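For reference, target-v8.cif (mmCIF, C-alpha atoms and all ligand atoms):
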```
data_work
loop_
_atom_site.label_atom_id
_atom_site.label_comp_id
_atom_site.auth_asym_id
_atom_site.auth_seq_id
_atom_site.Cartn_x
_atom_site.Cartn_y
_atom_site.Cartn_z
CA MET V 1 13.30 -30.79 6.81
CA LEU V 2 10.98 -28.04 5.57
CA ILE V 3 13.19 -26.52 2.88
CA LYS V 4 16.45 -27.86 1.56
CA ALA V 5 18.68 -25.99 -0.89
CA GLU V 6 21.35 -28.15 -2.49
CA GLY V 7 24.12 -26.70 -4.64
CA VAL V 8 21.99 -23.73 -5.66
CA SER V 9 23.40 -21.08 -8.00
CA LYS V 10 21.73 -18.02 -9.47
CA SER V 11 23.04 -15.32 -11.81
CA PHE V 12 21.55 -12.23 -13.38
CA GLY V 13 23.45 -11.80 -16.62
CA ASN V 14 27.13 -11.87 -15.68
CA ASN V 15 26.38 -11.16 -12.05
CA GLN V 16 26.60 -14.42 -10.10
CA VAL V 17 24.57 -13.65 -7.00
CA ILE V 18 24.41 -17.09 -5.36
CA GLN V 19 27.01 -19.78 -5.87
CA ASN V 20 26.67 -23.41 -4.88
CA LEU V 21 24.61 -22.80 -1.75
CA TYR V 22 23.61 -25.52 0.71
CA LEU V 23 21.05 -24.52 3.35
CA SER V 24 18.30 -26.34 5.25
CA VAL V 25 15.35 -24.94 7.15
CA THR V 26 13.63 -26.95 9.87
CA GLU V 27 9.96 -26.72 10.79
CA GLY V 28 9.22 -24.19 13.54
CA GLU V 29 12.50 -22.36 13.45
CA PHE V 30 13.01 -18.62 13.18
CA LEU V 31 15.94 -18.34 10.82
CA SER V 32 17.56 -15.00 10.11
CA VAL V 33 19.86 -14.43 7.19
CA LEU V 34 22.24 -11.63 8.00
CA GLY V 35 24.39 -9.99 5.36
CA SER V 36 25.58 -6.64 4.10
CA SER V 37 23.64 -4.71 1.50
CA GLY V 38 23.66 -6.26 -1.96
CA CYS V 39 25.08 -9.61 -0.84
CA GLY V 40 22.13 -11.51 -2.33
CA LYS V 41 19.76 -11.89 0.64
CA THR V 42 16.60 -10.97 -1.25
CA THR V 43 17.58 -13.29 -4.09
CA LEU V 44 18.08 -16.13 -1.60
CA LEU V 45 14.68 -15.49 0.02
CA ARG V 46 12.96 -15.51 -3.37
CA LEU V 47 14.69 -18.74 -4.33
CA LEU V 48 13.67 -20.42 -1.06
CA ALA V 49 10.10 -19.21 -1.50
CA GLY V 50 9.95 -20.54 -5.07
CA ILE V 51 9.42 -17.07 -6.58
CA LEU V 52 12.71 -17.42 -8.47
CA LYS V 53 14.07 -20.58 -10.02
CA PRO V 54 17.74 -21.52 -9.54
CA ASP V 55 20.00 -21.77 -12.60
CA SER V 56 21.42 -24.97 -11.18
CA GLY V 57 21.00 -27.02 -8.03
CA ARG V 58 17.76 -27.92 -6.34
CA ILE V 59 15.37 -26.52 -3.74
CA ALA V 60 13.07 -29.05 -2.13
CA THR V 61 10.13 -28.15 0.10
CA ASN V 62 7.19 -30.10 1.44
CA ARG V 63 4.97 -27.10 2.19
CA SER V 64 2.89 -25.09 -0.21
CA ARG V 65 1.33 -22.27 1.81
CA ILE V 66 3.80 -19.43 2.09
CA GLY V 67 3.48 -15.79 3.08
CA PHE V 68 5.95 -13.23 1.78
CA VAL V 69 6.44 -9.72 3.14
CA PHE V 70 8.32 -7.84 0.42
CA GLN V 71 10.72 -4.98 1.07
CA ASP V 72 8.53 -2.60 -0.88
CA ASP V 73 4.88 -2.39 0.04
CA ARG V 74 3.20 -3.61 -3.15
CA LEU V 75 -0.29 -2.42 -2.26
CA ILE V 76 -2.79 -1.50 -4.94
CA PRO V 77 -2.98 2.29 -4.52
CA TRP V 78 -6.58 2.72 -5.68
CA LYS V 79 -7.95 0.01 -3.38
CA ASN V 80 -8.47 0.36 0.35
CA VAL V 81 -6.60 -1.57 3.05
CA LEU V 82 -9.33 -4.17 3.56
CA TYR V 83 -9.54 -4.87 -0.18
CA ASN V 84 -5.75 -5.20 -0.44
CA VAL V 85 -5.68 -7.80 2.31
CA SER V 86 -8.88 -9.61 1.21
CA LEU V 87 -7.22 -10.35 -2.14
CA VAL V 88 -5.64 -13.46 -0.70
CA SER V 89 -8.29 -14.53 1.83
CA SER V 90 -11.86 -14.02 2.97
CA GLU V 91 -12.91 -10.57 4.17
CA GLU V 92 -13.54 -12.00 7.61
CA ARG V 93 -10.01 -13.35 7.93
CA ALA V 94 -8.56 -10.15 6.48
CA LYS V 95 -10.38 -8.14 9.16
CA LYS V 96 -9.12 -10.49 11.86
CA MET V 97 -5.51 -10.14 10.71
CA LEU V 98 -5.77 -6.37 10.37
CA LYS V 99 -7.03 -6.24 13.93
CA ARG V 100 -4.06 -8.38 14.98
CA VAL V 101 -1.63 -5.83 13.51
CA GLU V 102 -3.59 -3.03 15.20
CA LEU V 103 -5.11 -1.63 12.04
CA ALA V 104 -8.79 -2.22 12.81
CA ASP V 105 -9.36 1.55 12.48
CA ALA V 106 -7.67 1.78 9.08
CA LEU V 107 -9.73 -0.73 7.05
CA TYR V 108 -11.08 1.86 4.63
CA LYS V 109 -7.96 3.98 4.25
CA TYR V 110 -6.08 4.00 0.94
CA PRO V 111 -2.35 3.12 0.71
CA GLY V 112 -1.47 6.77 0.05
CA GLU V 113 -2.94 7.70 3.44
CA LEU V 114 -0.78 5.25 5.42
CA SER V 115 2.49 5.89 7.25
CA GLY V 116 5.46 3.63 6.39
CA GLY V 117 4.85 1.57 9.53
CA MET V 118 1.15 1.14 8.78
CA ALA V 119 1.92 0.01 5.21
CA LYS V 120 4.37 -2.58 6.55
CA ARG V 121 1.71 -3.87 8.91
CA VAL V 122 -0.83 -4.11 6.07
CA ASN V 123 1.71 -6.21 4.20
CA LEU V 124 2.22 -8.41 7.21
CA ALA V 125 -1.55 -8.83 7.66
CA ARG V 126 -1.85 -9.79 3.98
CA ALA V 127 0.90 -12.38 4.28
CA LEU V 128 -0.68 -13.81 7.45
CA SER V 129 -4.24 -13.87 6.18
CA TYR V 130 -3.19 -16.58 3.78
CA ASN V 131 -2.56 -18.71 6.89
CA PRO V 132 1.01 -19.55 5.83
CA GLU V 133 3.09 -22.46 7.03
CA ILE V 134 6.25 -20.53 6.18
CA LEU V 135 6.56 -16.77 6.46
CA PHE V 136 9.29 -14.98 4.50
CA LEU V 137 10.22 -11.52 5.74
CA ASP V 138 12.45 -9.28 3.65
CA GLU V 139 13.85 -6.52 5.88
CA PRO V 140 10.47 -6.11 7.59
CA PHE V 141 11.62 -3.38 9.99
CA SER V 142 13.71 -1.20 7.72
CA SER V 143 12.61 2.44 7.47
CA LEU V 144 10.40 2.18 10.57
CA ASP V 145 10.74 4.56 13.52
CA VAL V 146 12.09 3.02 16.72
CA VAL V 147 8.75 2.65 18.50
CA THR V 148 6.93 1.12 15.50
CA ARG V 149 9.89 -1.15 14.90
CA GLU V 150 9.80 -2.37 18.48
CA LYS V 151 6.04 -3.01 18.23
CA MET V 152 6.39 -4.93 14.97
CA MET V 153 9.19 -7.03 16.39
CA GLU V 154 7.05 -7.93 19.41
CA LEU V 155 4.13 -8.76 17.13
CA ILE V 156 6.19 -11.05 14.92
CA ALA V 157 7.79 -12.73 17.92
CA SER V 158 4.39 -13.48 19.45
CA LEU V 159 2.88 -14.68 16.15
CA TRP V 160 5.81 -17.02 15.64
CA LYS V 161 5.23 -18.50 19.08
CA GLU V 162 1.43 -18.70 18.94
CA VAL V 163 0.87 -20.42 15.63
CA ASN V 164 4.04 -22.46 15.31
CA LEU V 165 5.09 -20.67 12.14
CA THR V 166 8.40 -21.19 10.43
CA ILE V 167 9.93 -17.80 9.72
CA ILE V 168 12.81 -16.95 7.41
CA MET V 169 13.87 -13.34 7.76
CA VAL V 170 16.45 -11.35 5.86
CA THR V 171 18.12 -8.46 7.64
CA HIS V 172 21.32 -6.44 7.83
CA ASP V 173 20.81 -5.65 11.52
CA PRO V 174 22.58 -8.01 13.99
CA LEU V 175 20.48 -6.89 16.96
CA GLU V 176 17.22 -7.64 15.16
CA ALA V 177 18.56 -11.09 14.27
CA ALA V 178 19.72 -11.68 17.87
CA GLU V 179 16.42 -10.64 19.43
CA LEU V 180 14.15 -12.76 17.25
CA SER V 181 15.92 -15.80 15.91
CA THR V 182 16.49 -19.39 16.90
CA ARG V 183 19.27 -19.57 14.28
CA VAL V 184 21.24 -17.02 12.31
CA VAL V 185 23.18 -17.50 9.10
CA VAL V 186 25.75 -14.80 8.41
CA SER V 187 26.69 -14.56 4.77
CA SER V 188 29.40 -13.03 2.62
CA LYS V 189 28.65 -11.59 -0.80
CA GLY V 190 27.36 -14.38 -3.02
CA PHE V 191 26.88 -16.73 -0.04
CA LYS V 192 30.30 -18.19 -0.70
CA ARG V 193 31.07 -18.19 2.96
CA LEU V 194 28.44 -18.85 5.63
CA GLN V 195 28.66 -18.87 9.39
CA GLU V 196 25.86 -20.38 11.42
CA PHE V 197 24.79 -19.56 14.96
CA GLU V 198 22.37 -21.83 16.81
CA LEU V 199 20.70 -19.59 19.38
CA GLY V 200 17.71 -21.55 20.71
CA ASP V 201 14.47 -20.03 21.97
CA PRO V 202 14.63 -16.22 21.79
CA GLY V 203 11.93 -15.95 24.47
CA GLY V 204 14.31 -17.13 27.17
CA ARG V 205 17.06 -14.57 26.49
CA THR V 206 17.75 -11.39 28.40
CA PHE V 207 18.54 -8.06 26.79
CA GLU V 208 22.19 -8.44 27.84
CA GLU V 209 22.43 -11.87 26.20
CA ASN V 210 20.95 -10.50 22.98
CA ALA V 211 23.45 -7.64 23.04
CA ARG V 212 26.30 -10.14 23.41
CA ILE V 213 24.94 -12.28 20.56
CA SER V 214 24.52 -9.18 18.42
CA LYS V 215 28.19 -8.28 18.98
CA LYS V 216 29.22 -11.81 17.96
CA LEU V 217 27.09 -11.59 14.82
CA LEU V 218 28.59 -8.21 13.97
CA ASP V 219 32.13 -9.61 14.31
CA SER V 220 31.18 -12.50 12.07
CA LEU V 221 29.62 -10.11 9.54
CA ARG V 222 32.84 -8.08 9.46
CA LYS V 223 34.89 -11.22 8.92
CA VAL V 224 32.78 -12.64 6.11
CA SER V 225 32.49 -9.20 4.48
CA ASP V 226 36.30 -8.96 4.37
CA PHE V 227 36.39 -12.29 2.61
CA VAL V 228 38.00 -11.73 -0.81
CA GLN V 229 36.35 -13.80 -3.51
N1 LIG V 301 15.87 -9.23 -10.97
C1 LIG V 301 17.16 -8.87 -11.01
N2 LIG V 301 17.78 -8.57 -12.18
C2 LIG V 301 19.08 -8.24 -12.23
N3 LIG V 301 19.89 -8.17 -11.14
C3 LIG V 301 19.35 -8.43 -9.96
C4 LIG V 301 17.96 -8.80 -9.82
N4 LIG V 301 17.71 -9.04 -8.50
C5 LIG V 301 18.87 -8.81 -7.85
N5 LIG V 301 19.85 -8.46 -8.71
C6 LIG V 301 21.26 -8.16 -8.37
O1 LIG V 301 21.70 -9.19 -7.49
C7 LIG V 301 22.54 -8.65 -6.47
C8 LIG V 301 22.01 -9.02 -5.10
O2 LIG V 301 20.75 -8.39 -4.92
P1 LIG V 301 19.80 -8.71 -3.67
O3 LIG V 301 18.63 -7.78 -3.77
O4 LIG V 301 19.52 -10.16 -3.64
O5 LIG V 301 20.73 -8.34 -2.46
P2 LIG V 301 20.37 -7.96 -0.94
O6 LIG V 301 21.44 -8.53 -0.11
O7 LIG V 301 18.97 -8.34 -0.64
O8 LIG V 301 20.48 -6.38 -0.99
P3 LIG V 301 19.76 -5.27 -0.04
O9 LIG V 301 20.16 -5.57 1.36
O10 LIG V 301 20.35 -3.98 -0.58
O11 LIG V 301 18.28 -5.42 -0.30
C9 LIG V 301 22.64 -7.15 -6.74
O12 LIG V 301 23.82 -6.90 -7.45
C10 LIG V 301 21.43 -6.88 -7.60
O13 LIG V 301 21.66 -5.78 -8.44
#
```
Taking this structure as input, can you express it in the form of structure tokens?
Amino acid sequence: MLIKAEGVSKSFGNNQVIQNLYLSVTEGEFLSVLGSSGCGKTTLLRLLAGILKPDSGRIATNRSRIGFVFQDDRLIPWKNVLYNVSLVSSEERAKKMLKRVELADALYKYPGELSGGMAKRVNLARALSYNPEILFLDEPFSSLDVVTREKMMELIASLWKEVNLTIIMVTHDPLEAAELSTRVVVSSKGFKRLQEFELGDPGGRTFEENARISKKLLDSLRKVSDFVQ
């Protein structure tokens, strides 16, 4: 087991965001956490990554190298793209990763000169240049236009396959989850109710199968969202 959360709870003031959560992540899987807005997905991701500490319960992991793609871009505005990515690795590796996300022509641009999609890809390159064993993605495709989104999804799918990464992605989009994941966890607010879907290798699925899975995930999301606490 790569990550194991046991009886984890987390509150911010009076707001109990996660309550008594049990969740395990296995090496090599592409796990998506699907939930409506504000249900605590980002908090869960930060807990699993060790960025936040639980109030009670325990999170065990046997890997130390993680990459995290945050929802917001978090680039240093007065430093160029190459500098922003080189912060966590060598310049050589940063260049290699920026090429991988098709930004070889944008090395010396500043964050203010990037489109939303380019900034997301810089973030992805930065997370990857650290050569992570686990990659955390927080809504990586939100606010992207359809074509860029499709490209980023293909890129992440091929990276996952090539380097045997473990990916944990948070999303509110059932089709995204269906297209990419080996397993999906659908959560209610506060993670009080979870439904799990074992999907297997996403590479072997047709568009029609993904559409069917997406419909199932949406039904599940509706059900858990109706759950009265
Ligand atoms: N650092 C913080 N301080 C106080 N409250 C917080 C903090 N982080 C999250 N929260 C609260 O926890 C709840 C869940 O937030 P979280 O960002 O985890 O949800 P989410 O499912 O990722 O939402 P979204 O899909 O809108 O990003 C919200 O009510 C939010 O206001």
*Excluding V:Ser115 and residues on its chain fewer than 5 positions from it, collect all residues at most 10 Å away from it, counting all atoms listed in the file, and give them as a PyMOL selection string.*
chain V and resi 120-121+144
Can you check which parts of chain V lie within 6 Å of ligand LIG 301 (chain V)? Per residue, the shortest pair of atoms and distance in Å to one decimal, counting all atoms listed in the file, sorted by chain and number, as a Markdown table.
```
| residue | atom | partner | partner_atom | distance |
| --- | --- | --- | --- | --- |
| V:Phe12 | CA | V:LIG301 | C2 | 4.8 |
| V:Val17 | CA | V:LIG301 | O1 | 5.3 |
| V:Ser37 | CA | V:LIG301 | O9 | 3.6 |
| V:Gly38 | CA | V:LIG301 | O8 | 3.3 |
| V:Cys39 | CA | V:LIG301 | O6 | 3.9 |
| V:Gly40 | CA | V:LIG301 | O4 | 3.2 |
| V:Lys41 | CA | V:LIG301 | O6 | 3.8 |
| V:Thr42 | CA | V:LIG301 | O7 | 3.6 |
| V:Thr43 | CA | V:LIG301 | O4 | 3.7 |
```
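For the pair atom CA of V:Ile66 and atom CA of V:Leu218, the interatomic distance is 29.7 Å.
Across the structure, atom CA of V:Ala106 and atom CA of V:Leu165 are spaced 26.0 Å apart.
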With a distance cut-off of 8 Å and all atoms listed in the file, select the neighbouring residues of stretch 131-141 of chain V, excluding the residue or stretch itself and same-chain residues fewer than 6 positions from it, and output the selection as a PDB file with C-alpha atoms, in the coordinates of the input.
```
ATOM      1  CA  THR V  42      16.600 -10.970  -1.250  1.00  0.00           C
ATOM      2  CA  LEU V  45      14.680 -15.490   0.020  1.00  0.00           C
ATOM      3  CA  ALA V  49      10.100 -19.210  -1.500  1.00  0.00           C
ATOM      4  CA  ARG V  63       4.970 -27.100   2.190  1.00  0.00           C
ATOM      5  CA  SER V  64       2.890 -25.090  -0.210  1.00  0.00           C
ATOM      6  CA  ARG V  65       1.330 -22.270   1.810  1.00  0.00           C
ATOM      7  CA  ILE V  66       3.800 -19.430   2.090  1.00  0.00           C
ATOM      8  CA  GLY V  67       3.480 -15.790   3.080  1.00  0.00           C
ATOM      9  CA  PHE V  68       5.950 -13.230   1.780  1.00  0.00           C
ATOM     10  CA  VAL V  69       6.440  -9.720   3.140  1.00  0.00           C
ATOM     11  CA  PHE V  70       8.320  -7.840   0.420  1.00  0.00           C
ATOM     12  CA  GLN V  71      10.720  -4.980   1.070  1.00  0.00           C
ATOM     13  CA  LYS V 120       4.370  -2.580   6.550  1.00  0.00           C
ATOM     14  CA  ARG V 149       9.890  -1.150  14.900  1.00  0.00           C
ATOM     15  CA  MET V 152       6.390  -4.930  14.970  1.00  0.00           C
ATOM     16  CA  MET V 153       9.190  -7.030  16.390  1.00  0.00           C
ATOM     17  CA  LEU V 165       5.090 -20.670  12.140  1.00  0.00           C
ATOM     18  CA  THR V 166       8.400 -21.190  10.430  1.00  0.00           C
ATOM     19  CA  ILE V 167       9.930 -17.800   9.720  1.00  0.00           C
ATOM     20  CA  ILE V 168      12.810 -16.950   7.410  1.00  0.00           C
ATOM     21  CA  MET V 169      13.870 -13.340   7.760  1.00  0.00           C
ATOM     22  CA  VAL V 170      16.450 -11.350   5.860  1.00  0.00           C
ATOM     23  CA  THR V 171      18.120  -8.460   7.640  1.00  0.00           C
ATOM     24  CA  HIS V 172      21.320  -6.440   7.830  1.00  0.00           C
TER      25      HIS V 172
END
```
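Take atom CA of V:Phe207 and atom CA of V:Gly117: the distance between them is 24.0 Å.
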*For V:Ala104, work out the shell of residues within 12 Å, counting all atoms listed in the file and skipping chain neighbours fewer than 3 positions away, then give it as number ranges by chain.*
V: 81-82, 94-101, 107-109, 118, 121-122, 125
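Compared by their closest atoms to V:Asn84, and using only C-alpha atoms, the residues V:Gln195, V:Asp72, V:Arg46, V:Ser129 rank with V:Ser129 nearest.
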_I need the residue nearest V:Glu102 from this list: V:Lys151, V:Arg183, V:Asp145, V:Asn62. Use all atoms listed in the file for the distance._
V:Lys151
*asked:* With distances taken over all atoms listed in the file, which residue among V:Val25, V:Leu175, V:Leu31, V:Leu47 lies nearest V:Ser9?
replied: V:Leu47
Using all atoms listed in the file, which protein or nucleic acid residues come within 12 Å of V:Phe191? Drop anything in the same chain fewer than 5 positions from it, and give the result as a short mmCIF file (atom, residue, chain, number, x, y, z; two decimals) with C-alpha atoms, in the frame of the given file.
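Listed below is the output, out.cif:
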```cif
data_model
loop_
_atom_site.label_atom_id
_atom_site.label_comp_id
_atom_site.auth_asym_id
_atom_site.auth_seq_id
_atom_site.Cartn_x
_atom_site.Cartn_y
_atom_site.Cartn_z
CA GLY V 7 24.12 -26.70 -4.64
CA VAL V 8 21.99 -23.73 -5.66
CA SER V 9 23.40 -21.08 -8.00
CA LYS V 10 21.73 -18.02 -9.47
CA GLN V 16 26.60 -14.42 -10.10
CA VAL V 17 24.57 -13.65 -7.00
CA ILE V 18 24.41 -17.09 -5.36
CA GLN V 19 27.01 -19.78 -5.87
CA ASN V 20 26.67 -23.41 -4.88
CA LEU V 21 24.61 -22.80 -1.75
CA TYR V 22 23.61 -25.52 0.71
CA LEU V 23 21.05 -24.52 3.35
CA VAL V 33 19.86 -14.43 7.19
CA LEU V 34 22.24 -11.63 8.00
CA GLY V 35 24.39 -9.99 5.36
CA SER V 36 25.58 -6.64 4.10
CA GLY V 38 23.66 -6.26 -1.96
CA CYS V 39 25.08 -9.61 -0.84
CA GLY V 40 22.13 -11.51 -2.33
CA LYS V 41 19.76 -11.89 0.64
CA THR V 42 16.60 -10.97 -1.25
CA THR V 43 17.58 -13.29 -4.09
CA LEU V 44 18.08 -16.13 -1.60
CA VAL V 185 23.18 -17.50 9.10
CA VAL V 186 25.75 -14.80 8.41
CA LEU V 221 29.62 -10.11 9.54
CA VAL V 224 32.78 -12.64 6.11
CA SER V 225 32.49 -9.20 4.48
CA PHE V 227 36.39 -12.29 2.61
CA GLN V 229 36.35 -13.80 -3.51
#
```
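Distances to V:Ser214 were evaluated for V:Ser188, V:Pro111, V:Val85, V:Ala177 using all atoms listed in the file, and the minimum falls at V:Ala177.
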_Sel. within 10 Å of pt (17.1, -26.5, 4.5), counting only C-alpha atoms, output as a PyMOL selection string_ = chain V and resi 1-6+22-27+48+59-61
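Each of V:Glu29, V:Phe197, V:Asn15, V:Gly50 was checked against V:Asn164 using only C-alpha atoms; the smallest atom-to-atom distance is that of V:Glu29.
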_Between V:Lys53, V:Glu92, V:Asp105, V:Gly112, which residue has the minimum interatomic distance to V:Ile76, considering all atoms listed in the file?_
V:Gly112
